[in-house]
file input29.txt (compact mmCIF, N, CA and C atoms and all ligand atoms)
# COMPACT_ATOMS: atom_id res chain seq x y z
N MET A 1 296.95 166.67 -106.86
CA MET A 1 296.10 167.52 -107.70
C MET A 1 295.59 168.72 -106.91
N GLU A 2 295.66 169.88 -107.50
CA GLU A 2 295.43 171.13 -106.78
C GLU A 2 294.09 171.25 -106.05
N ASP A 3 293.01 170.93 -106.76
CA ASP A 3 291.70 171.16 -106.17
C ASP A 3 291.09 169.93 -105.53
N CYS A 4 291.90 168.94 -105.27
CA CYS A 4 291.36 167.68 -104.73
C CYS A 4 291.43 167.70 -103.20
N ILE A 5 290.28 167.55 -102.58
CA ILE A 5 290.19 167.61 -101.11
C ILE A 5 291.02 166.50 -100.45
N PHE A 6 291.04 165.30 -101.07
CA PHE A 6 291.81 164.21 -100.46
C PHE A 6 293.32 164.44 -100.66
N CYS A 7 293.72 165.05 -101.78
CA CYS A 7 295.14 165.41 -101.93
C CYS A 7 295.54 166.42 -100.85
N LYS A 8 294.60 167.31 -100.50
CA LYS A 8 294.88 168.30 -99.44
C LYS A 8 294.96 167.63 -98.07
N ILE A 9 294.19 166.57 -97.88
CA ILE A 9 294.29 165.80 -96.63
C ILE A 9 295.64 165.09 -96.58
N ILE A 10 296.08 164.54 -97.70
CA ILE A 10 297.39 163.86 -97.76
C ILE A 10 298.51 164.85 -97.44
N SER A 11 298.42 166.06 -97.99
CA SER A 11 299.50 167.04 -97.78
C SER A 11 299.42 167.68 -96.39
N GLY A 12 298.29 167.51 -95.70
CA GLY A 12 298.14 168.09 -94.36
C GLY A 12 297.48 169.45 -94.38
N GLU A 13 297.19 169.95 -95.59
CA GLU A 13 296.54 171.26 -95.72
C GLU A 13 295.15 171.24 -95.08
N ILE A 14 294.47 170.09 -95.19
CA ILE A 14 293.18 169.88 -94.51
C ILE A 14 293.42 168.81 -93.46
N PRO A 15 293.04 169.08 -92.20
CA PRO A 15 293.30 168.11 -91.13
C PRO A 15 292.41 166.87 -91.25
N SER A 16 292.91 165.77 -90.71
CA SER A 16 292.10 164.54 -90.69
C SER A 16 292.51 163.73 -89.47
N LYS A 17 291.62 162.80 -89.09
CA LYS A 17 291.95 161.89 -87.99
C LYS A 17 292.51 160.62 -88.64
N LYS A 18 293.83 160.51 -88.60
CA LYS A 18 294.50 159.42 -89.31
C LYS A 18 294.42 158.11 -88.53
N ALA A 19 294.25 157.02 -89.27
CA ALA A 19 294.26 155.69 -88.66
C ALA A 19 295.51 154.91 -89.07
N TYR A 20 296.05 155.24 -90.24
CA TYR A 20 297.23 154.54 -90.76
C TYR A 20 297.83 155.38 -91.88
N GLU A 21 299.15 155.34 -91.97
CA GLU A 21 299.81 156.05 -93.08
C GLU A 21 301.13 155.36 -93.41
N ASP A 22 301.41 155.22 -94.69
CA ASP A 22 302.75 154.84 -95.13
C ASP A 22 303.05 155.60 -96.41
N GLU A 23 304.06 155.19 -97.14
CA GLU A 23 304.47 155.96 -98.33
C GLU A 23 303.43 155.95 -99.44
N GLN A 24 302.62 154.89 -99.46
CA GLN A 24 301.67 154.74 -100.57
C GLN A 24 300.23 155.06 -100.25
N VAL A 25 299.84 154.82 -98.99
CA VAL A 25 298.42 154.98 -98.66
C VAL A 25 298.21 155.75 -97.35
N LEU A 26 296.98 156.28 -97.25
CA LEU A 26 296.55 156.95 -96.02
C LEU A 26 295.16 156.41 -95.68
N ALA A 27 294.94 156.14 -94.40
CA ALA A 27 293.60 155.77 -93.93
C ALA A 27 293.20 156.78 -92.86
N PHE A 28 292.00 157.31 -92.98
CA PHE A 28 291.53 158.31 -92.02
C PHE A 28 290.03 158.14 -91.81
N TYR A 29 289.55 158.71 -90.71
CA TYR A 29 288.13 158.56 -90.35
C TYR A 29 287.27 159.49 -91.20
N ASP A 30 286.16 158.93 -91.72
CA ASP A 30 285.22 159.73 -92.50
C ASP A 30 284.59 160.79 -91.59
N ILE A 31 284.48 162.00 -92.10
CA ILE A 31 283.95 163.13 -91.33
C ILE A 31 282.45 162.98 -91.07
N ASP A 32 281.79 162.15 -91.84
CA ASP A 32 280.33 161.97 -91.72
C ASP A 32 280.07 160.46 -91.62
N ALA A 33 280.45 159.90 -90.49
CA ALA A 33 280.44 158.44 -90.32
C ALA A 33 279.05 157.83 -90.52
N LYS A 34 279.01 156.76 -91.31
CA LYS A 34 277.75 156.06 -91.58
C LYS A 34 277.65 154.75 -90.79
N ALA A 35 278.63 154.50 -89.95
CA ALA A 35 278.66 153.29 -89.12
C ALA A 35 279.60 153.59 -87.95
N PRO A 36 279.53 152.78 -86.87
CA PRO A 36 280.42 153.03 -85.72
C PRO A 36 281.89 153.11 -86.13
N VAL A 37 282.29 152.30 -87.10
CA VAL A 37 283.64 152.44 -87.69
C VAL A 37 283.45 152.82 -89.16
N HIS A 38 283.98 153.96 -89.56
CA HIS A 38 283.89 154.37 -90.96
C HIS A 38 285.20 155.05 -91.34
N LEU A 39 286.05 154.26 -92.01
CA LEU A 39 287.35 154.77 -92.45
C LEU A 39 287.35 154.94 -93.95
N LEU A 40 288.21 155.81 -94.44
CA LEU A 40 288.47 155.94 -95.87
C LEU A 40 289.92 155.56 -96.09
N ILE A 41 290.17 154.68 -97.04
CA ILE A 41 291.54 154.27 -97.35
C ILE A 41 291.82 154.74 -98.77
N ILE A 42 292.87 155.54 -98.90
CA ILE A 42 293.14 156.18 -100.20
C ILE A 42 294.60 156.01 -100.61
N PRO A 43 294.83 155.95 -101.92
CA PRO A 43 296.22 155.99 -102.38
C PRO A 43 296.72 157.43 -102.32
N LYS A 44 297.99 157.61 -102.05
CA LYS A 44 298.54 158.97 -102.04
C LYS A 44 298.65 159.53 -103.45
N LYS A 45 298.85 158.61 -104.40
CA LYS A 45 298.86 159.01 -105.81
C LYS A 45 297.43 159.38 -106.22
N HIS A 46 297.26 160.51 -106.92
CA HIS A 46 295.90 160.89 -107.33
C HIS A 46 295.42 160.02 -108.48
N ILE A 47 294.39 159.24 -108.16
CA ILE A 47 293.70 158.41 -109.16
C ILE A 47 292.23 158.78 -108.99
N THR A 48 291.53 159.10 -110.07
CA THR A 48 290.17 159.63 -109.93
C THR A 48 289.17 158.59 -109.39
N SER A 49 289.25 157.39 -109.91
CA SER A 49 288.33 156.34 -109.44
C SER A 49 288.86 155.00 -109.93
N VAL A 50 288.12 153.95 -109.61
CA VAL A 50 288.45 152.60 -110.09
C VAL A 50 288.62 152.61 -111.62
N LEU A 51 287.83 153.45 -112.29
CA LEU A 51 287.88 153.49 -113.76
C LEU A 51 289.24 153.91 -114.31
N GLU A 52 290.02 154.60 -113.49
CA GLU A 52 291.30 155.12 -113.97
C GLU A 52 292.48 154.20 -113.63
N LEU A 53 292.20 153.09 -112.94
CA LEU A 53 293.29 152.20 -112.54
C LEU A 53 293.97 151.56 -113.76
N LYS A 54 295.29 151.45 -113.66
CA LYS A 54 296.08 150.85 -114.74
C LYS A 54 296.68 149.53 -114.22
N PRO A 55 297.09 148.64 -115.13
CA PRO A 55 297.65 147.36 -114.68
C PRO A 55 298.77 147.55 -113.66
N GLU A 56 299.57 148.60 -113.82
CA GLU A 56 300.70 148.80 -112.88
C GLU A 56 300.24 149.25 -111.48
N ASP A 57 298.94 149.55 -111.32
CA ASP A 57 298.42 149.91 -110.00
C ASP A 57 297.99 148.69 -109.19
N GLY A 58 298.17 147.51 -109.76
CA GLY A 58 297.72 146.29 -109.09
C GLY A 58 298.31 146.10 -107.70
N VAL A 59 299.61 146.37 -107.56
CA VAL A 59 300.29 146.19 -106.27
C VAL A 59 299.72 147.20 -105.26
N LEU A 60 299.47 148.41 -105.73
CA LEU A 60 298.91 149.46 -104.87
C LEU A 60 297.52 149.07 -104.36
N VAL A 61 296.68 148.57 -105.23
CA VAL A 61 295.32 148.18 -104.83
C VAL A 61 295.38 147.00 -103.85
N ALA A 62 296.26 146.06 -104.12
CA ALA A 62 296.42 144.94 -103.18
C ALA A 62 296.87 145.46 -101.82
N HIS A 63 297.75 146.43 -101.83
CA HIS A 63 298.24 147.00 -100.57
C HIS A 63 297.11 147.70 -99.81
N ILE A 64 296.24 148.38 -100.53
CA ILE A 64 295.10 149.05 -99.88
C ILE A 64 294.25 148.00 -99.13
N PHE A 65 294.01 146.86 -99.77
CA PHE A 65 293.19 145.83 -99.11
C PHE A 65 293.93 145.17 -97.95
N GLU A 66 295.26 145.09 -98.08
CA GLU A 66 296.08 144.56 -96.98
C GLU A 66 295.96 145.48 -95.76
N VAL A 67 296.06 146.79 -96.01
CA VAL A 67 295.93 147.78 -94.93
C VAL A 67 294.53 147.71 -94.33
N ALA A 68 293.52 147.55 -95.18
CA ALA A 68 292.13 147.46 -94.70
C ALA A 68 291.98 146.28 -93.75
N ALA A 69 292.53 145.13 -94.11
CA ALA A 69 292.42 143.93 -93.27
C ALA A 69 293.14 144.14 -91.93
N LYS A 70 294.29 144.77 -91.99
CA LYS A 70 295.06 145.06 -90.76
C LYS A 70 294.25 145.97 -89.84
N LEU A 71 293.68 147.03 -90.40
CA LEU A 71 292.91 147.98 -89.60
C LEU A 71 291.64 147.31 -89.05
N ALA A 72 290.98 146.52 -89.88
CA ALA A 72 289.75 145.85 -89.44
C ALA A 72 290.06 144.94 -88.24
N ARG A 73 291.18 144.23 -88.31
CA ARG A 73 291.58 143.35 -87.19
C ARG A 73 291.85 144.19 -85.95
N GLU A 74 292.61 145.26 -86.14
CA GLU A 74 292.98 146.13 -85.00
C GLU A 74 291.73 146.74 -84.35
N LEU A 75 290.72 147.01 -85.16
CA LEU A 75 289.52 147.66 -84.64
C LEU A 75 288.46 146.66 -84.19
N GLY A 76 288.83 145.38 -84.18
CA GLY A 76 287.94 144.35 -83.64
C GLY A 76 286.80 143.96 -84.56
N LEU A 77 286.98 144.14 -85.86
CA LEU A 77 285.89 143.86 -86.80
C LEU A 77 285.99 142.47 -87.43
N GLU A 78 287.05 141.76 -87.12
CA GLU A 78 287.34 140.50 -87.82
C GLU A 78 286.23 139.47 -87.65
N GLU A 79 285.77 139.33 -86.40
CA GLU A 79 284.80 138.26 -86.12
C GLU A 79 283.44 138.55 -86.74
N ARG A 80 282.93 139.75 -86.57
CA ARG A 80 281.57 140.07 -87.04
C ARG A 80 281.54 140.47 -88.51
N GLY A 81 282.67 140.90 -89.04
CA GLY A 81 282.72 141.30 -90.44
C GLY A 81 282.56 142.79 -90.62
N PHE A 82 282.69 143.20 -91.86
CA PHE A 82 282.65 144.63 -92.19
C PHE A 82 282.44 144.73 -93.70
N ARG A 83 282.42 145.95 -94.21
CA ARG A 83 282.20 146.13 -95.66
C ARG A 83 283.23 147.09 -96.24
N MET A 84 283.68 146.77 -97.46
CA MET A 84 284.54 147.67 -98.23
C MET A 84 283.74 148.11 -99.45
N VAL A 85 283.72 149.42 -99.68
CA VAL A 85 282.93 149.96 -100.79
C VAL A 85 283.74 151.04 -101.49
N SER A 86 283.68 151.04 -102.83
CA SER A 86 284.22 152.18 -103.58
C SER A 86 283.12 152.68 -104.51
N ASN A 87 282.66 153.90 -104.28
CA ASN A 87 281.62 154.50 -105.12
C ASN A 87 282.28 155.10 -106.35
N ILE A 88 281.63 154.91 -107.49
CA ILE A 88 282.22 155.36 -108.75
C ILE A 88 281.21 156.18 -109.54
N GLY A 89 281.55 157.45 -109.79
CA GLY A 89 280.72 158.30 -110.64
C GLY A 89 279.39 158.67 -110.00
N LYS A 90 278.55 159.30 -110.79
CA LYS A 90 277.29 159.88 -110.29
C LYS A 90 276.35 158.81 -109.74
N ASP A 91 276.06 157.79 -110.53
CA ASP A 91 275.13 156.76 -110.06
C ASP A 91 275.70 155.96 -108.89
N GLY A 92 277.01 155.87 -108.84
CA GLY A 92 277.65 155.17 -107.72
C GLY A 92 277.67 155.99 -106.45
N GLY A 93 277.36 157.28 -106.56
CA GLY A 93 277.32 158.15 -105.38
C GLY A 93 278.68 158.71 -105.00
N GLN A 94 279.61 158.74 -105.94
CA GLN A 94 280.95 159.27 -105.63
C GLN A 94 280.89 160.79 -105.54
N THR A 95 281.33 161.33 -104.41
CA THR A 95 281.33 162.78 -104.22
C THR A 95 282.74 163.37 -104.25
N VAL A 96 283.74 162.54 -104.01
CA VAL A 96 285.13 163.02 -104.04
C VAL A 96 285.89 162.25 -105.13
N PRO A 97 286.34 162.96 -106.19
CA PRO A 97 286.99 162.28 -107.32
C PRO A 97 288.45 161.94 -107.08
N HIS A 98 288.70 161.22 -106.00
CA HIS A 98 290.03 160.66 -105.67
C HIS A 98 289.72 159.26 -105.16
N LEU A 99 290.28 158.24 -105.82
CA LEU A 99 289.97 156.85 -105.46
C LEU A 99 289.99 156.64 -103.94
N HIS A 100 288.92 156.05 -103.43
CA HIS A 100 288.89 155.76 -101.99
C HIS A 100 288.02 154.54 -101.74
N PHE A 101 288.38 153.82 -100.72
CA PHE A 101 287.61 152.66 -100.29
C PHE A 101 287.07 152.96 -98.90
N HIS A 102 285.75 152.89 -98.76
CA HIS A 102 285.12 153.03 -97.45
C HIS A 102 285.28 151.70 -96.72
N LEU A 103 285.68 151.74 -95.48
CA LEU A 103 285.69 150.55 -94.61
C LEU A 103 284.64 150.82 -93.54
N LEU A 104 283.55 150.05 -93.59
CA LEU A 104 282.41 150.28 -92.69
C LEU A 104 282.20 149.06 -91.80
N GLY A 105 282.00 149.28 -90.52
CA GLY A 105 281.77 148.16 -89.63
C GLY A 105 281.26 148.62 -88.28
N GLY A 106 281.01 147.61 -87.41
CA GLY A 106 280.55 147.93 -86.07
C GLY A 106 279.05 147.85 -85.91
N ARG A 107 278.35 147.57 -87.01
CA ARG A 107 276.91 147.30 -86.95
C ARG A 107 276.55 146.43 -88.15
N GLU A 108 275.38 145.81 -88.10
CA GLU A 108 274.95 145.01 -89.25
C GLU A 108 274.53 145.95 -90.36
N LEU A 109 275.10 145.78 -91.53
CA LEU A 109 274.84 146.69 -92.65
C LEU A 109 273.80 146.08 -93.59
N ALA A 110 272.88 146.93 -94.04
CA ALA A 110 271.81 146.44 -94.92
C ALA A 110 272.35 146.16 -96.32
N TRP A 111 271.67 145.27 -97.01
CA TRP A 111 271.96 144.99 -98.41
C TRP A 111 270.65 144.69 -99.12
N PRO A 112 270.36 145.21 -100.31
CA PRO A 112 271.24 146.07 -101.09
C PRO A 112 271.26 147.49 -100.54
N PRO A 113 272.34 148.25 -100.88
CA PRO A 113 272.41 149.64 -100.46
C PRO A 113 271.34 150.45 -101.20
N GLY A 114 270.96 151.58 -100.66
CA GLY A 114 269.88 152.40 -101.25
C GLY A 114 270.28 153.02 -102.56
P1 LIG A 201 282.12 159.23 -101.70
O1 LIG A 201 280.79 159.92 -101.48
O2 LIG A 201 282.02 157.76 -101.89
O3 LIG A 201 282.91 159.93 -102.78
O4 LIG A 201 282.91 159.40 -100.35
C1 LIG A 201 283.50 160.59 -99.96
C2 LIG A 201 283.52 160.57 -98.46
O5 LIG A 201 284.44 161.56 -98.03
C3 LIG A 201 282.18 160.89 -97.80
O6 LIG A 201 281.76 159.80 -97.00
C4 LIG A 201 282.49 162.14 -96.96
O7 LIG A 201 281.82 162.14 -95.72
C5 LIG A 201 284.00 162.04 -96.80
N1 LIG A 201 284.68 163.30 -96.56
C6 LIG A 201 284.55 164.46 -97.27
N2 LIG A 201 285.35 165.40 -96.77
C7 LIG A 201 286.04 164.85 -95.74
C8 LIG A 201 287.03 165.31 -94.82
N3 LIG A 201 287.49 166.56 -94.86
N4 LIG A 201 287.48 164.46 -93.88
C9 LIG A 201 287.01 163.18 -93.81
N5 LIG A 201 286.08 162.68 -94.66
C10 LIG A 201 285.60 163.50 -95.60

call {"tool": "encode", "arguments": {"input": "input29.txt", "output": "structure tokens"}}
result
Amino acid sequence: MEDCIFCKIISGEIPSKKAYEDEQVLAFYDIDAKAPVHLLIIPKKHITSVLELKPEDGVLVAHIFEVAAKLARELGLEERGFRMVSNIGKDGGQTVPHLHFHLLGGRELAWPPG
């Protein structure tokens, strides 16, 4: 999508610090980290949010979580744990309208979120 910042990161038009990439997904470090480890895992296909997911995206979403688990293990988060979050819409605090999952770890995270 033309005006989507994450589509521009996927195409390389906007630089990012990549953690993982394959044909379907990209994982990169959040520019404004909220924890010692803060990654964003996104599908390369433009999907606006969880609300736009279709039944045929099931394999893609499962793959995103598979990649998240692999990265969490590689980054040493397995033992202490971590958090996966997808913000949706205004009340959810979504600022970029391209489906993304935050992977946060490396410190104890408060609950409930603010
Ligand atoms: P959300 O607010 O849930 O939509 O998450 C969007 C996230 O994208 C925020 O945590 C931003 O810090 C992050 N972000 C925005 N622009 C960039 C960028 N160019 N590179 C890396 N992360 C970004």

call {"tool": "closest_residue", "arguments": {"input": "input29.txt", "among": "A:Asp57, A:Glu78, A:Glu13, A:Glu52", "to": "ligand LIG 201 (chain A)", "atoms": "only C-alpha atoms and all ligand atoms"}}
result
A:Glu13

call {"tool": "atom_distance", "arguments": {"input": "input29.txt", "atom1": "atom CA of Leu26 of chain A", "atom2": "atom C of Lys90 of chain A"}}
result
24.5 Å

call {"tool": "closest_residue", "arguments": {"input": "input29.txt", "among": "A:Arg107, A:Lys54, A:His38, A:His100", "to": "Arg80 of chain A", "atoms": "only C-alpha atoms"}}
result
A:Arg107

call {"tool": "residues_around", "arguments": {"input": "input29.txt", "residues": "segment 3-10 of chain A", "least_positions_apart": "6", "cutoff": "8 Å", "atoms": "all atoms listed in the file", "output": "PyMOL selection string"}}
result
chain A and resi 16+26+43-46+96-98

call {"tool": "write_last_selection", "arguments": {"input": "input29.txt", "atoms": "N, CA and C atoms", "output": "CSV table (one decimal), in the coordinates of the input"}}
result
chain,number,residue,atom,x,y,z
A,16,SER,N,292.9,165.8,-90.7
A,16,SER,CA,292.1,164.5,-90.7
A,16,SER,C,292.5,163.7,-89.5
A,26,LEU,N,297.0,156.3,-97.2
A,26,LEU,CA,296.6,157.0,-96.0
A,26,LEU,C,295.2,156.4,-95.7
A,43,PRO,N,294.8,156.0,-101.9
A,43,PRO,CA,296.2,156.0,-102.4
A,43,PRO,C,296.7,157.4,-102.3
A,44,LYS,N,298.0,157.6,-102.0
A,44,LYS,CA,298.5,159.0,-102.0
A,44,LYS,C,298.6,159.5,-103.4
A,45,LYS,N,298.8,158.6,-104.4
A,45,LYS,CA,298.9,159.0,-105.8
A,45,LYS,C,297.4,159.4,-106.2
A,46,HIS,N,297.3,160.5,-106.9
A,46,HIS,CA,295.9,160.9,-107.3
A,46,HIS,C,295.4,160.0,-108.5
A,96,VAL,N,283.7,162.5,-104.0
A,96,VAL,CA,285.1,163.0,-104.0
A,96,VAL,C,285.9,162.2,-105.1
A,97,PRO,N,286.3,163.0,-106.2
A,97,PRO,CA,287.0,162.3,-107.3
A,97,PRO,C,288.4,161.9,-107.1
A,98,HIS,N,288.7,161.2,-106.0
A,98,HIS,CA,290.0,160.7,-105.7
A,98,HIS,C,289.7,159.3,-105.2

call {"tool": "atom_distance", "arguments": {"input": "input29.txt", "atom1": "atom C of Ile31 of chain A", "atom2": "atom C of Pro15 of chain A"}}
result
10.7 Å

call {"tool": "residues_near_ligand", "arguments": {"input": "input29.txt", "ligand": "ligand LIG 201 (chain A)", "cutoff": "6 Å", "atoms": "only C-alpha atoms and all ligand atoms", "output": "mmCIF file with N, CA and C atoms, in the coordinates of the input"}}
result
data_model
loop_
_atom_site.group_PDB
_atom_site.id
_atom_site.type_symbol
_atom_site.label_atom_id
_atom_site.label_comp_id
_atom_site.auth_asym_id
_atom_site.auth_seq_id
_atom_site.Cartn_x
_atom_site.Cartn_y
_atom_site.Cartn_z
ATOM 1 N N SER A 16 292.910 165.770 -90.710
ATOM 2 C CA SER A 16 292.100 164.540 -90.690
ATOM 3 C C SER A 16 292.510 163.730 -89.470
ATOM 4 N N TYR A 29 289.550 158.710 -90.710
ATOM 5 C CA TYR A 29 288.130 158.560 -90.350
ATOM 6 C C TYR A 29 287.270 159.490 -91.200
ATOM 7 N N ASP A 30 286.160 158.930 -91.720
ATOM 8 C CA ASP A 30 285.220 159.730 -92.500
ATOM 9 C C ASP A 30 284.590 160.790 -91.590
ATOM 10 N N ILE A 31 284.480 162.000 -92.100
ATOM 11 C CA ILE A 31 283.950 163.130 -91.330
ATOM 12 C C ILE A 31 282.450 162.980 -91.070
ATOM 13 N N ASP A 32 281.790 162.150 -91.840
ATOM 14 C CA ASP A 32 280.330 161.970 -91.720
ATOM 15 C C ASP A 32 280.070 160.460 -91.620
ATOM 16 N N ASN A 87 282.660 153.900 -104.280
ATOM 17 C CA ASN A 87 281.620 154.500 -105.120
ATOM 18 C C ASN A 87 282.280 155.100 -106.350
ATOM 19 N N GLY A 93 277.360 157.280 -106.560
ATOM 20 C CA GLY A 93 277.320 158.150 -105.380
ATOM 21 C C GLY A 93 278.680 158.710 -105.000
ATOM 22 N N GLN A 94 279.610 158.740 -105.940
ATOM 23 C CA GLN A 94 280.950 159.270 -105.630
ATOM 24 C C GLN A 94 280.890 160.790 -105.540
ATOM 25 N N THR A 95 281.330 161.330 -104.410
ATOM 26 C CA THR A 95 281.330 162.780 -104.220
ATOM 27 C C THR A 95 282.740 163.370 -104.250
ATOM 28 N N VAL A 96 283.740 162.540 -104.010
ATOM 29 C CA VAL A 96 285.130 163.020 -104.040
ATOM 30 C C VAL A 96 285.890 162.250 -105.130
#

call {"tool": "residues_around", "arguments": {"input": "input29.txt", "residues": "Leu40 of chain A", "least_positions_apart": "6", "cutoff": "10 Å", "atoms": "only C-alpha atoms", "output": "PyMOL selection string"}}
result
chain A and resi 18-19+26-31+68+84-86+99-104

call {"tool": "select_by_dssp", "arguments": {"input": "input29.txt", "residues": "chain A", "states": "strand (DSSP E or B)", "output": "list of chain:residue names"}}
result
A:Lys18, A:Ala19, A:Tyr20, A:Glu21, A:Val25, A:Leu26, A:Ala27, A:Phe28, A:Tyr29, A:Val37, A:His38, A:Leu39, A:Leu40, A:Ile41, A:Ile42, A:Pro43, A:Phe82, A:Arg83, A:Met84, A:Val85, A:Phe101, A:His102, A:Leu103, A:Leu104, A:Gly105

call {"tool": "closest_atom_pairs", "arguments": {"input": "input29.txt", "of": "segment 64-103 of chain A", "to": "segment 34-37 of chain A", "cutoff": "12 Å", "atoms": "only C-alpha atoms", "output": "CSV"}}
result
residue,atom,partner,partner_atom,distance
A:Leu71,CA,A:Val37,CA,10.5
A:Ala72,CA,A:Val37,CA,9.2
A:Glu74,CA,A:Val37,CA,11.6
A:Leu75,CA,A:Val37,CA,8.2
A:Gly76,CA,A:Val37,CA,10.0
A:Leu77,CA,A:Val37,CA,8.9
A:Gly81,CA,A:Val37,CA,11.5
A:Phe82,CA,A:Val37,CA,9.1
A:Arg83,CA,A:Val37,CA,10.3
A:Met84,CA,A:Val37,CA,11.6
A:His102,CA,A:Val37,CA,9.9
A:Leu103,CA,A:Val37,CA,7.5

call {"tool": "select_by_dssp", "arguments": {"input": "input29.txt", "residues": "chain A", "states": "helix (DSSP H, G or I)", "output": "VMD selection string"}}
result
chain A and resid 5 to 11 50 to 52 55 to 74 89 to 92

call {"tool": "atom_distance", "arguments": {"input": "input29.txt", "atom1": "atom CA of Val67 of chain A", "atom2": "atom N of Ile47 of chain A"}}
result
17.6 Å

call {"tool": "closest_residue", "arguments": {"input": "input29.txt", "among": "A:Ala62, A:Ile88, A:Ile41, A:Ala69", "to": "Val25 of chain A", "atoms": "all atoms listed in the file"}}
result
A:Ile41

call {"tool": "closest_residue", "arguments": {"input": "input29.txt", "among": "A:Leu60, A:Lys17, A:Asp22, A:Thr48", "to": "Gly89 of chain A", "atoms": "all atoms listed in the file"}}
result
A:Thr48

call {"tool": "decode", "arguments": {"input": "input29.txt", "residues": "segment 51-65 of chain A", "atoms": "N, CA, C and O atoms", "output": "PDB file, in the first residue's frame"}}
result
ATOM      1  N   LEU A  51      -8.822  -6.939  12.695  1.00  0.00           N
ATOM      2  CA  LEU A  51     -10.208  -6.883  12.221  1.00  0.00           C
ATOM      3  C   LEU A  51     -10.361  -7.276  10.754  1.00  0.00           C
ATOM      4  O   LEU A  51     -11.451  -7.642  10.317  1.00  0.00           O
ATOM      5  N   GLU A  52      -9.277  -7.160  10.000  1.00  0.00           N
ATOM      6  CA  GLU A  52      -9.360  -7.425   8.557  1.00  0.00           C
ATOM      7  C   GLU A  52      -8.948  -8.852   8.193  1.00  0.00           C
ATOM      8  O   GLU A  52      -8.971  -9.225   7.015  1.00  0.00           O
ATOM      9  N   LEU A  53      -8.551  -9.642   9.196  1.00  0.00           N
ATOM     10  CA  LEU A  53      -8.095 -11.007   8.909  1.00  0.00           C
ATOM     11  C   LEU A  53      -9.226 -11.872   8.349  1.00  0.00           C
ATOM     12  O   LEU A  53     -10.365 -11.777   8.791  1.00  0.00           O
ATOM     13  N   LYS A  54      -8.861 -12.701   7.376  1.00  0.00           N
ATOM     14  CA  LYS A  54      -9.836 -13.605   6.753  1.00  0.00           C
ATOM     15  C   LYS A  54      -9.455 -15.047   7.111  1.00  0.00           C
ATOM     16  O   LYS A  54      -8.307 -15.309   7.482  1.00  0.00           O
ATOM     17  N   PRO A  55     -10.402 -15.982   6.988  1.00  0.00           N
ATOM     18  CA  PRO A  55     -10.088 -17.371   7.338  1.00  0.00           C
ATOM     19  C   PRO A  55      -8.822 -17.871   6.632  1.00  0.00           C
ATOM     20  O   PRO A  55      -8.026 -18.602   7.223  1.00  0.00           O
ATOM     21  N   GLU A  56      -8.605 -17.437   5.396  1.00  0.00           N
ATOM     22  CA  GLU A  56      -7.426 -17.929   4.653  1.00  0.00           C
ATOM     23  C   GLU A  56      -6.103 -17.351   5.182  1.00  0.00           C
ATOM     24  O   GLU A  56      -5.032 -17.762   4.753  1.00  0.00           O
ATOM     25  N   ASP A  57      -6.179 -16.385   6.119  1.00  0.00           N
ATOM     26  CA  ASP A  57      -4.956 -15.838   6.722  1.00  0.00           C
ATOM     27  C   ASP A  57      -4.501 -16.648   7.936  1.00  0.00           C
ATOM     28  O   ASP A  57      -3.503 -16.301   8.572  1.00  0.00           O
ATOM     29  N   GLY A  58      -5.227 -17.709   8.249  1.00  0.00           N
ATOM     30  CA  GLY A  58      -4.912 -18.492   9.441  1.00  0.00           C
ATOM     31  C   GLY A  58      -3.483 -19.022   9.462  1.00  0.00           C
ATOM     32  O   GLY A  58      -2.797 -18.942  10.484  1.00  0.00           O
ATOM     33  N   VAL A  59      -3.020 -19.529   8.325  1.00  0.00           N
ATOM     34  CA  VAL A  59      -1.666 -20.094   8.243  1.00  0.00           C
ATOM     35  C   VAL A  59      -0.633 -18.975   8.455  1.00  0.00           C
ATOM     36  O   VAL A  59       0.381 -19.157   9.147  1.00  0.00           O
ATOM     37  N   LEU A  60      -0.917 -17.814   7.889  1.00  0.00           N
ATOM     38  CA  LEU A  60      -0.018 -16.661   8.032  1.00  0.00           C
ATOM     39  C   LEU A  60       0.090 -16.229   9.501  1.00  0.00           C
ATOM     40  O   LEU A  60       1.194 -15.992  10.013  1.00  0.00           O
ATOM     41  N   VAL A  61      -1.022 -16.151  10.182  1.00  0.00           N
ATOM     42  CA  VAL A  61      -1.008 -15.736  11.590  1.00  0.00           C
ATOM     43  C   VAL A  61      -0.273 -16.778  12.439  1.00  0.00           C
ATOM     44  O   VAL A  61       0.530 -16.430  13.307  1.00  0.00           O
ATOM     45  N   ALA A  62      -0.516 -18.042  12.153  1.00  0.00           N
ATOM     46  CA  ALA A  62       0.206 -19.091  12.881  1.00  0.00           C
ATOM     47  C   ALA A  62       1.708 -18.955  12.638  1.00  0.00           C
ATOM     48  O   ALA A  62       2.517 -19.111  13.559  1.00  0.00           O
ATOM     49  N   HIS A  63       2.072 -18.637  11.420  1.00  0.00           N
ATOM     50  CA  HIS A  63       3.493 -18.481  11.084  1.00  0.00           C
ATOM     51  C   HIS A  63       4.103 -17.298  11.841  1.00  0.00           C
ATOM     52  O   HIS A  63       5.243 -17.374  12.315  1.00  0.00           O
ATOM     53  N   ILE A  64       3.350 -16.218  11.975  1.00  0.00           N
ATOM     54  CA  ILE A  64       3.840 -15.050  12.729  1.00  0.00           C
ATOM     55  C   ILE A  64       4.177 -15.474  14.173  1.00  0.00           C
ATOM     56  O   ILE A  64       5.231 -15.111  14.706  1.00  0.00           O
ATOM     57  N   PHE A  65       3.306 -16.268  14.782  1.00  0.00           N
ATOM     58  CA  PHE A  65       3.561 -16.695  16.164  1.00  0.00           C
ATOM     59  C   PHE A  65       4.720 -17.689  16.248  1.00  0.00           C
ATOM     60  O   PHE A  65       5.477 -17.691  17.219  1.00  0.00           O
TER      61      PHE A  65
END
